[in-house]
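Here's the structure, in structure tokens; my notes come after.
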Amino acid sequence: MDTAHAHETFATGSVPVAASLRNAFVKFGAFTAIENLSLDVEKGSFYTILGPSGCGKSTLLRLISDLVPAASGDVSILGKSTEEARLAREFAFVFQDAALLPWRTALQNVELPLEMGRKRGVKIPVSDKSPTELLELVGLKGREHALPHELSGGMRQRVAIARALVCKPKLLLMDEPFGALDEMTRDRLNLQLLQIWEETGVTILFVTHSIPEAVFLGQKVLMLQAHPGRLREVVDINLPYPREIKIRDTQEFTQYASYLRELLETC
Amino acid sequence: MTVAESAGVELQMQIDEQRLERRRKIRTIATPLATVALLLLCWQFGVRIFEVPKYIAPAPSDVATTFVDKFPILLENFWPTFYESVLGFMAGNLAAILIAITFVHNKTVEMAFFPIAVFINTIPILAIAPILVLIFGAGLTAKVVIAGLICFFPTLVNMVRGLQSVSDQSLELARILSATKTEIFWKIRLPSSLPFLFSALKIAATTCVIGAIVGEWVGADVGLGALIIDSTFNFRSSLLYATVFMSSGLSVFLFVVVSIAERLIVRW
Ligand SMILES: Nc1ncnc2c1ncn2[C@@H]1O[C@H](COP(=O)(O)OP(=O)(O)OP(=O)(O)O)[C@@H](O)[C@H]1O
Ligand SMILES: [Mg+2]
């Protein structure tokens, strides 16, 4: 493990937790989308989430981000309830399609979180990086005033990431953010995301359909199982950071990938 | 090839491209203009060759002469219709927008009033115009109401659709940002509705003139509508044609104004 992510530990030796679920259930009417899920996500870690389609990956992120309520069980983020965490802007969400507002420029889209929520009592955290600097961080210097339709899919997704970072979240929830992009763009954004993770120390939960992407990015891969949605297994990925694309050609990498593929087939 | 040469080739290609683009633009403007000119010529000579009486179909040249000679009368009758159309446009669309906003925020109100709006829309404007003139008298108000009424329904329907056109993800984003209903309205719903609103406003820009003219037919002694009735019954065909030309000019003018506003506002 590299030094940037050597976790600060408490005197007791326990690791601080960014998100914690205890026997959480999510129900849509009679349908159970998530059943009895318990999980601790350590602060500063990078988790990727795999599972068959419809197994509840998005629902898990939506549960953590206070978009759907837990039917029973506990969800806490940095010791707060999901609602308190939402009001404190502890987490940010990146959707599969960038969900940018088409009439706002890249910069104005990044600024959106700073303009909303005050009336509900949100104390908007001040980031140490300005929206312009964040756009620079994601490699969009010079395109601040472009409208979303003038940007490529990959650029739009980078604007969405900059927008997610603008309130300096401690937890970043990403639901197949690069799912719609071509392989090359995806590789580039994967590297950039790892870099942002190392620089900011943010905790990341990243849903993907791609096994190589899950292995390449994550310290741990959560394998979810369908019908009902349950945590099947947590797989540690013991590959060193910083990771480079060519790590995918190593034997360890392929071993992790084939292990996960076999596991996925039984989910 | 050297770098300078290849740069030169590129520049040349760019210039060619621009020239092509310009030629294409000229063609899209020139083609319809030429067609109109040709049709006018056919009309001019057709009327002369077949010796059509002037009171049935005046030649374009007659209409043009009348247009110039009678311009003061035309202009005098243009302004009332202009005011009626514009005021009707504003009143009808404003009402439609406000009601659409209420509908989107309150399902019960929508259930209660949408069928009524549909019903009013099914009444032909020609049938309801006399009633409105009876109610509001022969003055400006009745025409404004008729012009407004004709604008109302398309804008209502489009505005409701526009306000609902927000993607689920935008709404989830707003929820994660703990946005209030007001913030969602001003920052997300209203801007999303603008393309829909403008397509309705472009329809309204032409129909409001129809409304004003229909209102003038029923009861008025000024306005382009009144002039149309007057010149028809007095067999002043050239004046009738010139008035019709003036009316469509008004529609085109309003349409262009709305289109320019759309260009400036809806840039995405
Ligand atoms: N709002 C909802 N109402 C009813 N059922 C829902 C709702 N949202 C999700 N579900 C159901 O819950 C299950 C899990 O959905 P979820 O979107 O979390 O799956 P997923 O793992 O993200 O799938 P995918 O990989 O296709 O994105 C699915 O069976 C889905 O039909
Ligand atoms: Mg999903």
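Every chain in the structure tokens has a letter given in the order shown (A, B, ...), and although residue numbers restart at 1 in each chain, ligands are simply numbered from 1 in the order shown.
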- prompt: Mind listing as a PyMOL selection string which residues of chain B are within 7 Å of chain A, counting only C-alpha atoms?
  reply: chain B and resi 169-170+176-180+183+267-268
- request: Kindly provide, as a count of residues only, all nucleotide and amino acid residues lying within 10 Å of ligand 2, counting only C-alpha atoms and all ligand atoms.
  value: 19
message: I want to know what sits within 10 Å of Leu149 (chain B), based on only C-alpha atoms, with residues of the same chain fewer than 2 positions away left out; could you give that as a PyMOL selection string?
response: chain B and resi 88-89+91-93+95-96+120-121+125+128-129+143-147+151-153+207-208+211
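Residues with any atom within 8 Å of Phe253 (chain A), counting only C-alpha atoms and excluding same-chain neighbours fewer than 6 positions away, are A:Val215, A:Phe216, A:Leu239, A:Ile247.
Using only C-alpha atoms and all ligand atoms for every distance, the candidate list A:Thr203, A:Thr266, A:Gln225, A:Ser72 yields A:Gln225 as the residue closest to ligand 1.
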- prompt: Could you name the residues that touch region 44-46 of chain A at 8 Å or less, counting only C-alpha atoms, but leaving out those on the same chain fewer than 6 positions away, as a PyMOL selection string?
  reply: chain A and resi 5+7+18+201-206+217-220
statement: Counting only C-alpha atoms and all ligand atoms, closest pick from A:Arg261, A:Lys27, A:Lys129, A:Arg248 relative to ligand 1 is A:Lys27
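Using only C-alpha atoms and all ligand atoms, the smallest distance between any of A:Asn109, A:Thr250, A:Thr82, A:Ser210 and ligand 1 comes from A:Ser210.
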message: as an MDAnalysis selection string, please: every residue in region 99-187 of chain A that DSSP puts in alpha helix (DSSP H).
response: chainID A and resid 106:115 131:137 153:165 183:187
Written selection (N, CA, C and O atoms) as a tab-separated table (two decimals), in the first residue's frame:
```tsv
chain	number	residue	atom	x	y	z
A	106	ALA	N	-19.74	24.41	-18.74
A	106	ALA	CA	-19.03	23.46	-17.89
A	106	ALA	C	-18.81	24.06	-16.50
A	106	ALA	O	-19.13	23.45	-15.48
A	107	LEU	N	-18.32	25.30	-16.49
A	107	LEU	CA	-18.03	25.94	-15.22
A	107	LEU	C	-19.30	26.14	-14.39
A	107	LEU	O	-19.32	25.85	-13.18
A	108	GLN	N	-20.35	26.61	-15.03
A	108	GLN	CA	-21.60	26.83	-14.30
A	108	GLN	C	-22.18	25.53	-13.77
A	108	GLN	O	-22.80	25.49	-12.72
A	109	ASN	N	-21.97	24.43	-14.53
A	109	ASN	CA	-22.42	23.14	-14.03
A	109	ASN	C	-21.65	22.72	-12.78
A	109	ASN	O	-22.22	22.18	-11.85
A	110	VAL	N	-20.35	23.00	-12.79
A	110	VAL	CA	-19.55	22.66	-11.62
A	110	VAL	C	-19.99	23.49	-10.42
A	110	VAL	O	-19.96	23.03	-9.28
A	111	GLU	N	-20.46	24.72	-10.70
A	111	GLU	CA	-20.85	25.62	-9.61
A	111	GLU	C	-22.23	25.31	-9.03
A	111	GLU	O	-22.60	25.82	-7.97
A	112	LEU	N	-23.01	24.49	-9.74
A	112	LEU	CA	-24.40	24.23	-9.32
A	112	LEU	C	-24.53	23.84	-7.85
A	112	LEU	O	-25.37	24.40	-7.14
A	113	PRO	N	-23.71	22.90	-7.35
A	113	PRO	CA	-23.88	22.51	-5.94
A	113	PRO	C	-23.67	23.66	-4.96
A	113	PRO	O	-24.19	23.62	-3.85
A	114	LEU	N	-22.95	24.71	-5.38
A	114	LEU	CA	-22.73	25.84	-4.49
A	114	LEU	C	-23.96	26.74	-4.41
A	114	LEU	O	-24.06	27.59	-3.54
A	115	GLU	N	-24.89	26.55	-5.38
A	115	GLU	CA	-26.04	27.45	-5.44
A	115	GLU	C	-27.29	26.83	-4.83
A	115	GLU	O	-28.31	27.49	-4.72
A	131	PRO	N	-13.94	26.10	-8.60
A	131	PRO	CA	-14.49	25.35	-9.74
A	131	PRO	C	-13.55	25.35	-10.94
A	131	PRO	O	-13.40	24.32	-11.61
A	132	THR	N	-12.91	26.47	-11.20
A	132	THR	CA	-11.99	26.53	-12.34
A	132	THR	C	-10.82	25.57	-12.13
A	132	THR	O	-10.41	24.86	-13.05
A	133	GLU	N	-10.29	25.56	-10.91
A	133	GLU	CA	-9.17	24.66	-10.63
A	133	GLU	C	-9.59	23.20	-10.73
A	133	GLU	O	-8.82	22.35	-11.18
A	134	LEU	N	-10.85	22.92	-10.33
A	134	LEU	CA	-11.32	21.54	-10.43
A	134	LEU	C	-11.42	21.10	-11.89
A	134	LEU	O	-11.09	19.97	-12.23
A	135	LEU	N	-11.88	22.03	-12.75
A	135	LEU	CA	-11.95	21.69	-14.17
A	135	LEU	C	-10.54	21.43	-14.71
A	135	LEU	O	-10.34	20.57	-15.56
A	136	GLU	N	-9.60	22.17	-14.19
A	136	GLU	CA	-8.21	21.96	-14.59
A	136	GLU	C	-7.74	20.58	-14.11
A	136	GLU	O	-7.10	19.83	-14.84
A	137	LEU	N	-8.12	20.25	-12.87
A	137	LEU	CA	-7.74	18.96	-12.29
A	137	LEU	C	-8.23	17.79	-13.15
A	137	LEU	O	-7.53	16.79	-13.31
A	153	GLY	N	-18.54	12.86	-24.81
A	153	GLY	CA	-19.08	12.12	-23.67
A	153	GLY	C	-18.10	12.03	-22.51
A	153	GLY	O	-18.47	12.22	-21.35
A	154	GLY	N	-16.84	11.80	-22.84
A	154	GLY	CA	-15.82	11.70	-21.80
A	154	GLY	C	-15.60	13.02	-21.08
A	154	GLY	O	-15.46	13.06	-19.86
A	155	MET	N	-15.64	14.11	-21.85
A	155	MET	CA	-15.47	15.44	-21.24
A	155	MET	C	-16.64	15.76	-20.34
A	155	MET	O	-16.46	16.31	-19.25
A	156	ARG	N	-17.85	15.40	-20.79
A	156	ARG	CA	-19.03	15.66	-19.96
A	156	ARG	C	-18.92	14.93	-18.63
A	156	ARG	O	-19.24	15.46	-17.57
A	157	GLN	N	-18.45	13.68	-18.70
A	157	GLN	CA	-18.32	12.90	-17.48
A	157	GLN	C	-17.28	13.53	-16.56
A	157	GLN	O	-17.42	13.51	-15.34
A	158	ARG	N	-16.26	14.12	-17.16
A	158	ARG	CA	-15.24	14.79	-16.33
A	158	ARG	C	-15.80	16.03	-15.66
A	158	ARG	O	-15.45	16.34	-14.52
A	159	VAL	N	-16.68	16.75	-16.38
A	159	VAL	CA	-17.36	17.89	-15.75
A	159	VAL	C	-18.17	17.39	-14.55
A	159	VAL	O	-18.15	18.00	-13.48
A	160	ALA	N	-18.84	16.24	-14.75
A	160	ALA	CA	-19.66	15.69	-13.66
A	160	ALA	C	-18.79	15.35	-12.46
A	160	ALA	O	-19.19	15.53	-11.31
A	161	ILE	N	-17.60	14.86	-12.72
A	161	ILE	CA	-16.70	14.53	-11.61
A	161	ILE	C	-16.24	15.80	-10.90
A	161	ILE	O	-16.23	15.88	-9.67
A	162	ALA	N	-15.91	16.82	-11.69
A	162	ALA	CA	-15.51	18.10	-11.08
A	162	ALA	C	-16.66	18.65	-10.24
A	162	ALA	O	-16.45	19.17	-9.14
A	163	ARG	N	-17.89	18.52	-10.76
A	163	ARG	CA	-19.05	19.00	-10.01
A	163	ARG	C	-19.18	18.24	-8.69
A	163	ARG	O	-19.53	18.80	-7.66
A	164	ALA	N	-18.91	16.92	-8.75
A	164	ALA	CA	-19.03	16.11	-7.54
A	164	ALA	C	-17.98	16.52	-6.50
A	164	ALA	O	-18.20	16.39	-5.31
A	165	LEU	N	-16.85	17.02	-6.98
A	165	LEU	CA	-15.76	17.34	-6.04
A	165	LEU	C	-15.86	18.74	-5.44
A	165	LEU	O	-15.14	19.07	-4.50
A	183	GLU	N	-13.34	2.39	-24.90
A	183	GLU	CA	-12.29	1.79	-24.08
A	183	GLU	C	-11.14	2.75	-23.76
A	183	GLU	O	-10.71	2.87	-22.62
A	184	MET	N	-10.72	3.49	-24.78
A	184	MET	CA	-9.56	4.38	-24.58
A	184	MET	C	-9.89	5.51	-23.62
A	184	MET	O	-9.11	5.81	-22.71
A	185	THR	N	-11.04	6.11	-23.83
A	185	THR	CA	-11.46	7.20	-22.96
A	185	THR	C	-11.62	6.68	-21.54
A	185	THR	O	-11.23	7.33	-20.56
A	186	ARG	N	-12.18	5.49	-21.44
A	186	ARG	CA	-12.39	4.88	-20.13
A	186	ARG	C	-11.06	4.66	-19.42
A	186	ARG	O	-10.93	4.99	-18.24
A	187	ASP	N	-10.07	4.15	-20.13
A	187	ASP	CA	-8.74	3.95	-19.53
A	187	ASP	C	-8.18	5.27	-19.00
A	187	ASP	O	-7.67	5.35	-17.89
```
- prompt: Rounded to one decimal in Å, what is the spacing between CA of Asp62 (chain B) and CA of Gly46 (chain B)?
  reply: 13.6 Å
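Atom pair CA of Pro115 (chain B) / CA of Gly162 (chain B) has a distance of 19.3 Å (rounded to one decimal).
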query: region 71-87 of chain B: which residues within 8 Å, counting only C-alpha atoms, same-chain residues fewer than 6 positions away excluded, as a PyMOL selection string?
result: chain B and resi 140+143-144+147-148+208-209+211-213+222-225+227+243+246-247+250
Take the residues from that selection and put them in a file with C-alpha atoms, as a compact mmCIF listing (two decimals), in the first residue's frame.
```
# COMPACT_ATOMS: atom_id res chain seq x y z
CA LEU B 140 -59.93 46.64 -27.60
CA LYS B 143 -59.99 41.38 -29.46
CA VAL B 144 -57.24 40.98 -26.92
CA ALA B 147 -56.20 36.73 -29.56
CA GLY B 148 -55.16 35.53 -26.10
CA CYS B 208 -52.62 35.75 -32.23
CA VAL B 209 -52.91 37.81 -35.43
CA GLY B 211 -57.42 35.99 -33.30
CA ALA B 212 -57.22 39.77 -33.53
CA ILE B 213 -58.51 39.80 -37.12
CA VAL B 222 -60.67 50.01 -37.24
CA GLY B 223 -58.01 47.35 -37.71
CA LEU B 224 -56.87 45.16 -40.58
CA GLY B 225 -59.83 42.82 -40.00
CA LEU B 227 -60.47 46.87 -43.47
CA THR B 243 -54.50 44.38 -46.41
CA MET B 246 -50.11 43.57 -44.43
CA SER B 247 -51.69 41.03 -42.07
CA LEU B 250 -47.58 41.32 -39.13
```
task: Work out how far apart CA of Leu39 (chain A) and CA of Ala24 (chain A) are and give it in Å to one decimal.
output: 9.2 Å
